[in-house]
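So the structure is just underneath, and the comments pick up after that.
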Amino acid sequence: MSVEQLEMFTEARSATPAPSGVPVLNGFYYETCSKKFVCYARGRRHFETLASICKETKAWQQMIIKERSI
């Protein structure tokens with residue numbers, strides 16, 4: 001069994017495209033339509049939390065909202 005390290009802070013637009021040409025999401029993103037922070041691993045939705053109850057710092061939240069909104 002091999003373990004693969006996922007880079008969580010790369011730009012979404014530079015993510016490795018899937019064979020169909022759609023980029024695979026990895027890391028945390030802010031979903032504007034649902035107002036949730038969402039974690040993706042290899043393109044699959046793994047974890048989500050409402051922005052209003054997110055335990056991360058406000059600076060982190062603002063960085064994700066600014067740089068990684070989907």
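Just so we're on the same page: first chain in the structure tokens is A, next is B, and so on; residues restart at 1 for each chain, and ligands are numbered from 1 in the order they show up.
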I want to know what sits within 9 Å of region 31-46 of chain A, based on only C-alpha atoms, with residues of the same chain fewer than 6 positions away left out; could you give that as a list in words?
Leu6, Met8, Pro23, Val24, Leu25, Ser52, Cys54, Gln61, Ile64, Ile65, Arg68, Ser69 and Ile70 of chain A
Write the residues of the preceding selection, restricted to N, CA and C atoms, as a short mmCIF file (atom, residue, chain, number, x, y, z; two decimals), in the first residue's frame.
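again25.cif, freshly written:
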data_model
loop_
_atom_site.label_atom_id
_atom_site.label_comp_id
_atom_site.auth_asym_id
_atom_site.auth_seq_id
_atom_site.Cartn_x
_atom_site.Cartn_y
_atom_site.Cartn_z
N LEU A 6 -0.74 14.86 -0.48
CA LEU A 6 -1.52 15.80 -1.26
C LEU A 6 -1.14 17.22 -0.89
N MET A 8 -2.10 20.85 -0.33
CA MET A 8 -3.37 21.50 -0.06
C MET A 8 -3.40 22.97 -0.45
N PRO A 23 -10.37 19.85 -13.87
CA PRO A 23 -9.36 19.80 -12.80
C PRO A 23 -9.88 19.07 -11.56
N VAL A 24 -8.98 18.33 -10.92
CA VAL A 24 -9.31 17.60 -9.70
C VAL A 24 -9.00 18.51 -8.52
N LEU A 25 -9.99 18.73 -7.65
CA LEU A 25 -9.80 19.61 -6.51
C LEU A 25 -9.15 18.86 -5.35
N SER A 52 -19.95 30.34 9.42
CA SER A 52 -20.27 30.97 10.69
C SER A 52 -19.77 30.18 11.91
N CYS A 54 -16.98 27.95 11.60
CA CYS A 54 -15.62 27.47 11.30
C CYS A 54 -14.68 27.87 12.43
N GLN A 61 -9.70 32.30 7.11
CA GLN A 61 -10.97 32.31 6.40
C GLN A 61 -10.97 33.33 5.27
N ILE A 64 -8.80 32.09 2.31
CA ILE A 64 -9.47 31.05 1.53
C ILE A 64 -10.59 31.65 0.69
N ILE A 65 -11.38 32.55 1.28
CA ILE A 65 -12.48 33.19 0.54
C ILE A 65 -11.93 33.98 -0.64
N ARG A 68 -9.55 31.02 -2.95
CA ARG A 68 -10.02 29.69 -3.32
C ARG A 68 -11.54 29.55 -3.31
N SER A 69 -12.23 30.55 -3.81
CA SER A 69 -13.70 30.47 -3.90
C SER A 69 -14.09 29.66 -5.12
N ILE A 70 -15.10 28.82 -4.94
CA ILE A 70 -15.63 28.06 -6.07
C ILE A 70 -17.13 28.24 -6.12
#
What separation in Å, quoted to one decimal, exists between CA of Gly27 (chain A) and CA of Glu48 (chain A)?
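Computing the Euclidean distance for CA of Gly27 (chain A) and CA of Glu48 (chain A) yields 11.3 Å.
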Give me the residues near Met63 (chain A) as a PyMOL selection string, where near means some atom within 12 Å (using only C-alpha atoms) and where sequence neighbours in that chain fewer than 6 positions away do not count.
chain A and resi 9+28-30+37+56-57+69
